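Novice: Below is data_32.cif; it holds mmCIF, C-alpha atoms.
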data_query
loop_
_atom_site.label_atom_id
_atom_site.label_comp_id
_atom_site.auth_asym_id
_atom_site.auth_seq_id
_atom_site.Cartn_x
_atom_site.Cartn_y
_atom_site.Cartn_z
CA GLY A 1 29.07 14.66 14.66
CA LEU A 2 30.93 16.96 12.27
CA PRO A 3 33.72 15.45 10.11
CA VAL A 4 36.48 17.29 11.99
CA MET A 5 39.34 16.70 14.40
CA LEU A 6 40.60 19.14 17.01
CA PHE A 7 43.94 18.93 18.82
CA ALA A 8 46.41 21.01 20.79
CA THR A 9 50.04 20.61 21.85
CA ASP A 10 52.47 22.26 24.25
CA LEU A 11 55.70 23.91 23.11
CA ALA A 12 57.47 20.56 22.85
CA GLY A 13 54.77 19.15 20.54
CA THR A 14 53.22 16.92 23.20
CA ILE A 15 49.51 16.52 22.50
CA THR A 16 47.30 17.99 25.23
CA LEU A 17 43.93 17.65 23.48
CA SER A 18 42.53 15.35 20.79
CA GLU A 19 38.83 15.29 19.94
CA GLY A 20 36.55 14.81 16.94
CA ARG A 21 34.90 12.19 14.81
CA GLU A 22 37.68 12.17 12.21
CA LEU A 23 40.18 10.68 14.67
CA ALA A 24 38.59 7.35 13.79
CA ASN A 25 40.05 7.60 10.27
CA PHE A 26 43.48 7.35 11.91
CA ASN A 27 42.38 4.52 14.25
CA PHE A 28 42.41 6.83 17.27
CA LYS A 29 39.76 7.42 19.90
CA PRO A 30 39.14 10.87 21.41
CA GLY A 31 41.79 11.54 24.03
CA GLU A 32 43.77 8.40 23.18
CA ILE A 33 46.86 10.20 21.87
CA VAL A 34 47.03 12.83 24.62
CA GLY A 35 50.56 12.78 26.06
CA GLN A 36 52.15 11.55 22.81
CA SER A 37 54.41 13.60 20.56
CA ILE A 38 52.74 14.95 17.42
CA PHE A 39 56.15 14.79 15.74
CA SER A 40 56.28 11.03 16.33
CA ILE A 41 52.70 10.33 15.26
CA TYR A 42 53.11 12.29 12.00
CA ARG A 43 56.77 11.59 11.37
CA ASP A 44 55.90 10.26 7.89
CA VAL A 45 53.86 13.37 7.02
CA PRO A 46 56.40 16.24 6.86
CA GLN A 47 53.69 18.64 5.75
CA ILE A 48 52.10 18.25 9.19
CA THR A 49 55.26 18.36 11.32
CA GLY A 50 56.65 21.30 9.38
CA ASN A 51 53.48 23.33 9.81
CA VAL A 52 53.28 22.42 13.52
CA GLU A 53 56.73 23.98 13.93
CA ARG A 54 55.59 27.08 12.08
CA ALA A 55 52.54 27.43 14.35
CA LEU A 56 54.75 27.02 17.43
CA ASN A 57 56.84 29.87 16.05
CA GLY A 58 53.80 32.16 15.86
CA GLU A 59 52.34 31.64 12.38
CA ASN A 60 48.71 31.04 11.39
CA ILE A 61 48.61 28.44 8.61
CA THR A 62 45.84 27.03 6.42
CA PHE A 63 46.70 24.16 4.09
CA GLU A 64 45.47 20.91 2.56
CA ALA A 65 47.08 17.59 3.44
CA TYR A 66 46.81 14.13 1.92
CA TYR A 67 47.29 10.98 4.04
CA PRO A 68 48.30 8.03 1.82
CA ALA A 69 47.76 5.46 4.57
CA THR A 70 44.05 6.26 4.75
CA ASP A 71 43.61 7.84 1.30
CA GLN A 72 42.05 10.90 2.95
CA TYR A 73 42.27 14.64 2.28
CA PHE A 74 42.03 17.21 5.07
CA GLU A 75 41.95 20.97 5.19
CA ARG A 76 44.01 22.05 8.20
CA TYR A 77 44.18 25.23 10.21
CA PHE A 78 47.06 25.63 12.68
CA ALA A 79 47.57 28.56 15.05
CA PRO A 80 49.73 29.36 18.10
CA ILE A 81 48.25 29.35 21.60
CA LYS A 82 49.29 32.36 23.70
CA ASP A 83 48.89 33.20 27.38
CA THR A 84 47.69 36.52 28.76
CA THR A 85 51.13 38.07 28.27
CA GLY A 86 51.25 37.08 24.60
CA THR A 87 53.80 34.33 25.16
CA ILE A 88 53.37 31.25 22.97
CA THR A 89 52.61 28.20 25.09
CA GLY A 90 51.67 25.72 22.39
CA MET A 91 49.58 25.38 19.25
CA MET A 92 46.13 24.21 18.24
CA GLY A 93 44.87 22.65 15.06
CA ILE A 94 41.57 21.79 13.46
CA GLY A 95 41.11 19.52 10.47
CA PHE A 96 38.12 19.17 8.14
CA ASN A 97 37.73 16.05 6.03
CA ILE A 98 37.47 17.24 2.41
CA THR A 99 37.99 13.85 0.74
CA GLU A 100 34.61 13.82 -1.02
CA ARG A 101 35.11 17.35 -2.29
CA LYS A 102 38.60 16.57 -3.63
CA ARG A 103 37.40 13.43 -5.38
CA SER A 104 34.50 15.31 -6.85
CA GLU A 105 36.91 17.97 -8.12
CA ALA A 106 39.12 15.27 -9.61
CA ASP A 107 36.12 13.67 -11.34
CA SER A 108 35.02 17.06 -12.67
CA ALA A 109 38.53 17.75 -13.96
CA ALA A 110 38.63 14.36 -15.69
CA TRP A 111 35.27 14.94 -17.34
CA ARG A 112 36.36 18.44 -18.36
CA GLU A 113 39.48 17.01 -19.98
CA ARG A 114 37.40 14.46 -21.88
CA TYR A 115 34.96 17.18 -22.92
CA ASP A 116 37.78 19.44 -24.14
CA LEU A 117 39.23 16.58 -26.19
CA ILE A 118 35.85 15.85 -27.76
CA VAL A 119 35.25 19.51 -28.56
CA ALA A 120 38.76 19.94 -29.97
CA SER A 121 38.37 16.88 -32.19
CA SER A 122 34.98 18.10 -33.44
CA GLY A 123 36.55 21.37 -34.64
CA GLN A 124 33.98 23.61 -32.93
CA VAL A 125 34.39 26.92 -31.16
CA VAL A 126 32.92 26.87 -27.65
CA TYR A 127 31.80 29.96 -25.78
CA GLU A 128 30.37 31.01 -22.42
CA TYR A 129 28.61 34.37 -22.53
CA ASP A 130 28.13 36.16 -19.20
CA ILE A 131 25.11 38.38 -19.80
CA ALA A 132 25.62 40.77 -16.87
CA SER A 133 29.22 41.65 -17.82
CA SER A 134 28.82 41.07 -21.60
CA GLU A 135 32.08 39.08 -21.45
CA ILE A 136 32.63 35.90 -23.46
CA LYS A 137 35.00 33.08 -22.53
CA TRP A 138 36.20 31.30 -25.66
CA SER A 139 37.50 27.73 -25.80
CA GLY A 140 37.60 24.75 -28.14
CA SER A 141 39.10 25.21 -31.61
CA VAL A 142 39.14 29.02 -31.72
CA GLN A 143 42.53 29.33 -33.41
CA ASP A 144 42.03 26.33 -35.72
CA VAL A 145 38.65 27.53 -36.98
CA LEU A 146 39.00 31.32 -36.93
CA GLY A 147 42.76 31.86 -36.77
CA PHE A 148 42.35 34.26 -33.84
CA SER A 149 44.15 33.97 -30.51
CA GLN A 150 42.31 34.35 -27.21
CA ALA A 151 43.63 37.93 -27.01
CA ASP A 152 42.26 38.68 -30.49
CA MET A 153 38.78 37.62 -29.34
CA ALA A 154 38.77 39.86 -26.25
CA GLY A 155 35.98 42.42 -26.14
CA GLY A 156 32.98 40.31 -25.23
CA ILE A 157 29.67 40.49 -27.07
CA ASN A 158 30.73 43.62 -28.98
CA ARG A 159 33.75 41.83 -30.44
CA TRP A 160 31.52 38.93 -31.53
CA ALA A 161 29.06 41.32 -33.19
CA GLU A 162 31.74 43.26 -35.08
CA LEU A 163 33.02 40.05 -36.69
CA ILE A 164 29.58 39.18 -38.11
CA HIS A 165 29.06 40.04 -41.78
CA PRO A 166 27.36 43.47 -42.00
CA ASP A 167 24.45 41.99 -43.97
CA ASP A 168 23.85 39.35 -41.28
CA GLU A 169 24.47 41.34 -38.09
CA ALA A 170 20.99 42.79 -37.56
CA ASN A 171 19.17 39.46 -37.93
CA THR A 172 21.77 37.57 -35.90
CA THR A 173 21.77 39.93 -32.92
CA ALA A 174 17.97 40.29 -33.01
CA ALA A 175 17.61 36.50 -32.90
CA LEU A 176 19.93 36.42 -29.89
CA GLU A 177 17.87 39.03 -28.04
CA GLN A 178 14.66 37.15 -28.78
CA ALA A 179 16.11 33.82 -27.65
CA GLU A 180 17.31 35.42 -24.40
CA ALA A 181 13.93 37.05 -23.75
CA ASN A 182 12.03 33.82 -24.40
CA LEU A 183 14.70 31.49 -22.90
CA THR A 184 14.62 29.39 -26.05
CA PRO A 185 17.55 27.65 -27.78
CA TYR A 186 19.54 29.88 -30.11
CA THR A 187 20.16 28.27 -33.52
CA ILE A 188 21.19 30.38 -36.48
CA GLU A 189 23.51 30.48 -39.50
CA TYR A 190 25.52 33.60 -40.29
CA ARG A 191 28.76 34.71 -41.88
CA PHE A 192 31.64 35.36 -39.49
CA GLN A 193 35.01 36.92 -40.26
CA ASN A 194 38.24 34.97 -39.70
CA VAL A 195 41.75 36.29 -39.13
CA SER A 196 42.37 36.57 -42.90
CA GLY A 197 39.34 38.80 -43.38
CA ASP A 198 37.36 36.10 -45.18
CA TYR A 199 33.87 35.17 -44.05
CA LEU A 200 33.02 31.66 -42.91
CA THR A 201 29.48 30.34 -42.73
CA ILE A 202 28.86 29.53 -39.07
CA LEU A 203 26.16 27.39 -37.48
CA ASP A 204 25.73 28.81 -33.98
CA ARG A 205 23.82 26.82 -31.35
CA GLY A 206 23.42 27.93 -27.74
CA PHE A 207 21.17 27.75 -24.70
CA PHE A 208 20.63 29.88 -21.62
CA GLN A 209 21.14 29.18 -17.93
CA THR A 210 18.88 31.07 -15.54
CA ASP A 211 18.89 32.29 -11.94
CA ASP A 212 16.23 31.61 -9.28
CA ASN A 213 14.05 34.32 -10.86
CA SER A 214 14.12 32.61 -14.27
CA LYS A 215 16.29 35.37 -15.69
CA ALA A 216 19.01 34.45 -18.18
CA VAL A 217 22.46 34.84 -16.64
CA THR A 218 24.72 32.74 -18.86
CA MET A 219 24.65 31.42 -22.39
CA LEU A 220 26.61 28.34 -23.41
CA GLY A 221 27.07 27.48 -27.04
CA MET A 222 29.13 26.16 -29.93
CA MET A 223 29.98 27.66 -33.32
CA GLN A 224 30.61 25.23 -36.18
CA ASN A 225 32.23 26.13 -39.49
CA ILE A 226 29.84 24.81 -42.16
CA SER A 227 31.36 26.72 -45.09
CA GLU A 228 32.25 23.57 -47.04
CA ARG A 229 28.79 22.11 -46.52
CA LYS A 230 27.12 25.33 -47.65
CA ALA A 231 29.36 25.53 -50.71
CA ALA A 232 28.45 21.92 -51.59
CA GLU A 233 24.74 22.68 -51.15
CA GLN A 234 25.00 25.76 -53.38
CA SER A 235 26.94 23.79 -56.00
CA LEU A 236 24.26 21.10 -55.99
CA GLN A 237 21.49 23.68 -56.32
CA LEU A 238 23.32 25.29 -59.24
CA SER A 239 23.74 21.91 -60.94
CA GLU A 240 20.05 21.19 -60.49
CA LEU A 241 19.15 24.57 -62.00
CA ARG A 242 21.43 23.93 -64.98
CA LEU A 243 19.94 20.48 -65.51
CA GLN A 244 16.43 21.88 -65.27
CA GLY A 245 17.36 24.54 -67.82
CA LEU A 246 18.57 21.88 -70.24
CA LEU A 247 15.46 19.78 -69.75
CA ASP A 248 13.23 22.79 -70.34
CA ASN A 249 14.94 23.85 -73.57
CA LEU A 250 16.44 20.79 -75.32
CA PRO A 251 14.20 18.40 -77.29
CA VAL A 252 14.96 15.46 -75.04
CA ILE A 253 13.06 13.19 -72.69
CA VAL A 254 14.48 12.00 -69.38
CA PHE A 255 12.57 9.29 -67.53
CA ALA A 256 12.91 6.57 -64.90
CA THR A 257 10.87 3.49 -63.96
CA ASP A 258 10.70 1.04 -61.10
CA ASP A 259 11.38 -2.69 -61.48
CA GLN A 260 7.84 -3.22 -62.76
CA GLY A 261 8.26 -0.72 -65.57
CA VAL A 262 6.08 1.89 -63.92
CA PHE A 263 7.23 5.45 -64.61
CA THR A 264 8.59 7.23 -61.53
CA PHE A 265 10.02 10.28 -63.29
CA SER A 266 9.59 12.05 -66.60
CA GLU A 267 10.96 15.41 -67.64
CA GLY A 268 12.11 17.25 -70.75
CA LYS A 269 10.90 19.42 -73.63
CA GLY A 270 10.68 16.31 -75.81
CA LEU A 271 7.55 15.23 -73.90
CA GLU A 272 5.68 17.88 -75.93
CA THR A 273 6.02 15.76 -79.07
CA LEU A 274 4.08 13.02 -77.33
CA GLY A 275 1.16 15.31 -76.68
#
I need this file expressed as structure tokens, please.

Specialist:
Amino acid sequence: GLPVMLFATDLAGTITLSEGRELANFNFKPGEIVGQSIFSIYRDVPQITGNVERALNGENITFEAYYPATDQYFERYFAPIKDTTGTITGMMGIGFNITERKRSEADSAAWRERYDLIVASSGQVVYEYDIASSEIKWSGSVQDVLGFSQADMAGGINRWAELIHPDDEANTTAALEQAEANLTPYTIEYRFQNVSGDYLTILDRGFFQTDDNSKAVTMLGMMQNISERKAAEQSLQLSELRLQGLLDNLPVIVFATDDQGVFTFSEGKGLETLG
């Protein structure tokens, strides 16, 4: 019942055994091709015939083969057959159908490519933190955002911590430890040094993956440069403070109404003259 095929040949490549459910993928029944030449049956698959010859010459070979006619992938193991004196008398092979695994890998690779493109276009730094080893794998827009190469970022969690602004490091690392202990999402803003020595304001968001004992083993996250947004927010706050200062000290009145003439806003030192 297993998705395998088993066969053997003599020294000339004549098949002496053919069994297994996967023979049906090649329109063969068990035993049907016994007596035929493996070199004739697989003449259009040089990967097979070449490795049969290698096995007949004494090699053990493991390889993957694709069969266009059936759109199937197999993992093959070929080995020589020897008699009691050690003389090679033929070869044997076993094949496992790995089509589903290969297609799953291809799908995963395609999704990974799409994910990488999305991350790259978003301008975020992506990381995978292995808690046991303290190592961090960096991806995404590391060089675009920070200016550092992958080699520059080597050093794991210690390298990350040393790039945090000294005034932010204690709170940032403490928040990480608390999030890990409680298995809660990690969301924090802090200043992080780039390759020029300047500090960017970073929004860091991550979550933890756990083992069977509910212990954190990996953290996945993204770091976003929000320096421009923070600068805009600070500029707006400063403008509001300046405006408030003017309203508090100049003899003016600033007001607004809705479409019915009802006041919705009134400020200014000039209101004092109205009692």

Novice: Assuming the chain letters and numbering stay as they are in my file, what does the PyMOL selection byres ((chain A and resi 61) around 9) actually select? List them as a list of chain:residue names.

Specialist: A:Asn51, A:Arg54, A:Ala55, A:Glu59, A:Asn60, A:Thr62, A:Phe63, A:Arg76, A:Tyr77, A:Phe78, A:Ala79

Novice: One number please: atom CA of Gly13 of chain A to atom CA of Pro46 of chain A, in Å, one decimal.

Specialist: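 Value for the atom CA of Gly13 of chain A-atom CA of Pro46 of chain A distance: 14.1 Å.
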
Novice: Could you tell me which residues the PyMOL selection byres ((chain A and resi 22) around 7) grabs in this file, written as a PDB file with C-alpha atoms, keeping the file's coordinate frame?

Specialist:
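Result file selection15.pdb:
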ATOM      1  CA  PRO A   3      33.720  15.450  10.110  1.00  0.00           C
ATOM      2  CA  VAL A   4      36.480  17.290  11.990  1.00  0.00           C
ATOM      3  CA  MET A   5      39.340  16.700  14.400  1.00  0.00           C
ATOM      4  CA  GLY A  20      36.550  14.810  16.940  1.00  0.00           C
ATOM      5  CA  ARG A  21      34.900  12.190  14.810  1.00  0.00           C
ATOM      6  CA  LEU A  23      40.180  10.680  14.670  1.00  0.00           C
ATOM      7  CA  ALA A  24      38.590   7.350  13.790  1.00  0.00           C
ATOM      8  CA  ASN A  25      40.050   7.600  10.270  1.00  0.00           C
TER       9      ASN A  25
END

Novice: Give me, please, the distance in Å between atom CA of Phe28 of chain A and atom CA of Phe7 of chain A, quoted to one decimal.

Specialist: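 Taking atom CA of Phe28 of chain A and atom CA of Phe7 of chain A, their separation equals 12.3 Å.
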
Novice: Please identify all polymer residues within 10 Å of Asp144 of chain A, counting only C-alpha atoms, omitting same-chain residues fewer than 5 positions from it, and present them as a list of chain:residue names.

Specialist: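 The neighbour list is A:Ala120, A:Gly123, A:Gln124, A:Val125, A:Ser149.
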
Novice: Of the candidates A:Tyr129, A:Tyr190, A:Gly155, A:Gly95, which shows the shortest atom-to-atom distance to Ala170 of chain A, using only C-alpha atoms?

Specialist: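 Under the stated criterion, the closest residue is A:Tyr190.
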
Novice: One number please: atom CA of Met91 of chain A to atom CA of Gly31 of chain A, in Å, one decimal.

Specialist: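 Separation of atom CA of Met91 of chain A and atom CA of Gly31 of chain A: 16.6 Å.
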
Novice: Quick one: apply the PyMOL selection byres ((chain A and resi 222) around 8) to the file and drop the selected residues here as a tab-separated table (two decimals) with C-alpha atoms, in the coordinates of the input.

Specialist:
chain	number	residue	atom	x	y	z
A	124	GLN	CA	33.98	23.61	-32.93
A	125	VAL	CA	34.39	26.92	-31.16
A	126	VAL	CA	32.92	26.87	-27.65
A	127	TYR	CA	31.80	29.96	-25.78
A	204	ASP	CA	25.73	28.81	-33.98
A	205	ARG	CA	23.82	26.82	-31.35
A	206	GLY	CA	23.42	27.93	-27.74
A	220	LEU	CA	26.61	28.34	-23.41
A	221	GLY	CA	27.07	27.48	-27.04
A	223	MET	CA	29.98	27.66	-33.32
A	224	GLN	CA	30.61	25.23	-36.18

Novice: Calculated over all atoms listed in the file, which of the candidates A:Thr9, A:Thr187, A:Gln193, A:Ser134 has the smallest distance to Leu163 of chain A?

Specialist: A:Gln193

Novice: Which one is closest to Ile202 of chain A: A:Ile226, A:Ile88, A:Ala69, A:Leu6? Count all atoms listed in the file.

Specialist: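 Going through A:Ile226, A:Ile88, A:Ala69, A:Leu6 one by one, the smallest distance to Ile202 of chain A is for A:Ile226.
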
Novice: Taking only C-alpha atoms into account, name the residue in A:Val145, A:Val52, A:Ala216, A:Ile98 that is nearest to Tyr67 of chain A.

Specialist: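 Among the listed residues, A:Ile98 lies closest to Tyr67 of chain A.
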
Novice: Identify which of the residues A:Arg101, A:Leu56, A:Asp107, A:Thr87 lies closest to Glu75 of chain A, counting all atoms listed in the file when measuring atom-to-atom distances.

Specialist: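 Counting all atoms listed in the file, the residue closest to Glu75 of chain A is A:Arg101.
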
Novice: Would you mind listing what lies within 12 Å of Thr89 of chain A as a list in words, with all atoms listed in the file counted and same-chain residues fewer than 3 positions away left out?

Specialist: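 Contacts, in chain order: Ala8, Thr9, Asp10, Leu11, Ala12, Gly13, Thr14, Thr16, Ala55, Leu56, Asn57, Gly58, Ala79, Pro80, Ile81, Lys82, Asp83, Thr84, Thr85, Gly86 and Met92 of chain A.
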
Novice: Which of these, A:Gly90, A:Gly35, A:Gly147, A:Gly140, has the shortest distance to Glu53 of chain A once you count all atoms listed in the file?

Specialist: A:Gly90

Novice: Show which residues sit within 9 Å of His165 of chain A, as a PDB file with C-alpha atoms, keeping the file's coordinate frame. Count only C-alpha atoms, and ignore same-chain residues fewer than 4 positions away.

Specialist:
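Saved as out-v1.pdb:
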ATOM      1  CA  ALA A 161      29.060  41.320 -33.190  1.00  0.00           C
ATOM      2  CA  GLU A 169      24.470  41.340 -38.090  1.00  0.00           C
ATOM      3  CA  TYR A 190      25.520  33.600 -40.290  1.00  0.00           C
ATOM      4  CA  ARG A 191      28.760  34.710 -41.880  1.00  0.00           C
ATOM      5  CA  PHE A 192      31.640  35.360 -39.490  1.00  0.00           C
ATOM      6  CA  GLN A 193      35.010  36.920 -40.260  1.00  0.00           C
ATOM      7  CA  TYR A 199      33.870  35.170 -44.050  1.00  0.00           C
TER       8      TYR A 199
END

Novice: Mind dumping segment 189-200 of chain A from that block, keeping all heavy atoms, as a short mmCIF file (atom, residue, chain, number, x, y, z; two decimals), in the first residue's frame?

Specialist:
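Saved the output as part-v8.cif:
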data_model
loop_
_atom_site.label_atom_id
_atom_site.label_comp_id
_atom_site.auth_asym_id
_atom_site.auth_seq_id
_atom_site.Cartn_x
_atom_site.Cartn_y
_atom_site.Cartn_z
N GLU A 189 8.05 51.40 20.62
CA GLU A 189 8.81 52.37 19.83
C GLU A 189 10.11 52.68 20.56
O GLU A 189 10.13 52.82 21.79
CB GLU A 189 8.01 53.67 19.66
CG GLU A 189 6.76 53.51 18.81
CD GLU A 189 6.01 54.84 18.64
OE1 GLU A 189 6.58 55.89 19.04
OE2 GLU A 189 4.87 54.81 18.14
N TYR A 190 11.21 52.74 19.81
CA TYR A 190 12.49 53.09 20.39
C TYR A 190 13.40 53.65 19.31
O TYR A 190 13.13 53.51 18.11
CB TYR A 190 13.14 51.88 21.08
CG TYR A 190 13.31 50.66 20.21
CD1 TYR A 190 14.44 50.50 19.38
CD2 TYR A 190 12.36 49.65 20.21
CE1 TYR A 190 14.60 49.38 18.59
CE2 TYR A 190 12.51 48.51 19.42
CZ TYR A 190 13.64 48.38 18.62
OH TYR A 190 13.79 47.27 17.83
N ARG A 191 14.48 54.27 19.75
CA ARG A 191 15.45 54.83 18.80
C ARG A 191 16.54 53.80 18.52
O ARG A 191 17.05 53.16 19.44
CB ARG A 191 16.04 56.12 19.37
CG ARG A 191 15.07 57.29 19.36
CD ARG A 191 15.53 58.42 20.24
NE ARG A 191 15.46 58.07 21.66
CZ ARG A 191 15.85 58.87 22.66
NH1 ARG A 191 16.37 60.06 22.38
NH2 ARG A 191 15.75 58.48 23.91
N PHE A 192 16.88 53.67 17.24
CA PHE A 192 17.79 52.62 16.79
C PHE A 192 18.82 53.23 15.85
O PHE A 192 18.47 53.98 14.92
CB PHE A 192 17.00 51.53 16.08
CG PHE A 192 17.70 50.21 15.95
CD1 PHE A 192 17.85 49.36 17.03
CD2 PHE A 192 18.21 49.79 14.72
CE1 PHE A 192 18.47 48.13 16.91
CE2 PHE A 192 18.84 48.57 14.58
CZ PHE A 192 18.97 47.73 15.69
N GLN A 193 20.08 52.89 16.07
CA GLN A 193 21.16 53.52 15.31
C GLN A 193 21.29 52.93 13.91
O GLN A 193 21.19 51.72 13.71
CB GLN A 193 22.47 53.32 16.06
CG GLN A 193 23.63 54.17 15.55
CD GLN A 193 24.86 53.99 16.41
OE1 GLN A 193 25.32 52.87 16.62
NE2 GLN A 193 25.40 55.09 16.92
N ASN A 194 21.49 53.81 12.92
CA ASN A 194 21.76 53.33 11.55
C ASN A 194 23.25 53.39 11.27
O ASN A 194 24.06 53.72 12.12
CB ASN A 194 20.94 54.14 10.52
CG ASN A 194 21.37 55.60 10.44
OD1 ASN A 194 22.40 56.01 10.98
ND2 ASN A 194 20.57 56.40 9.76
N VAL A 195 23.62 53.05 10.03
CA VAL A 195 25.03 52.93 9.68
C VAL A 195 25.77 54.26 9.78
O VAL A 195 26.98 54.29 9.99
CB VAL A 195 25.17 52.33 8.25
CG1 VAL A 195 24.76 53.33 7.20
CG2 VAL A 195 26.59 51.81 8.01
N SER A 196 25.05 55.38 9.68
CA SER A 196 25.67 56.70 9.76
C SER A 196 25.86 57.18 11.20
O SER A 196 26.45 58.23 11.43
CB SER A 196 24.82 57.73 9.00
OG SER A 196 24.69 57.35 7.64
N GLY A 197 25.32 56.41 12.15
CA GLY A 197 25.42 56.81 13.54
C GLY A 197 24.23 57.61 14.02
O GLY A 197 24.16 57.97 15.20
N ASP A 198 23.31 57.93 13.12
CA ASP A 198 22.09 58.64 13.50
C ASP A 198 21.08 57.65 14.08
O ASP A 198 21.15 56.44 13.83
CB ASP A 198 21.48 59.34 12.28
CG ASP A 198 22.41 60.35 11.66
OD1 ASP A 198 23.10 61.06 12.42
OD2 ASP A 198 22.48 60.41 10.42
N TYR A 199 20.13 58.18 14.83
CA TYR A 199 19.11 57.33 15.44
C TYR A 199 17.77 57.52 14.74
O TYR A 199 17.29 58.64 14.57
CB TYR A 199 18.97 57.64 16.93
CG TYR A 199 20.10 57.05 17.75
CD1 TYR A 199 21.22 57.83 18.06
CD2 TYR A 199 20.06 55.74 18.19
CE1 TYR A 199 22.27 57.29 18.79
CE2 TYR A 199 21.11 55.18 18.92
CZ TYR A 199 22.20 55.97 19.22
OH TYR A 199 23.23 55.44 19.93
N LEU A 200 17.20 56.40 14.30
CA LEU A 200 15.88 56.38 13.71
C LEU A 200 14.86 56.00 14.78
O LEU A 200 15.19 55.25 15.72
CB LEU A 200 15.81 55.34 12.58
CG LEU A 200 16.88 55.40 11.50
CD1 LEU A 200 16.70 54.23 10.54
CD2 LEU A 200 16.83 56.72 10.76
#
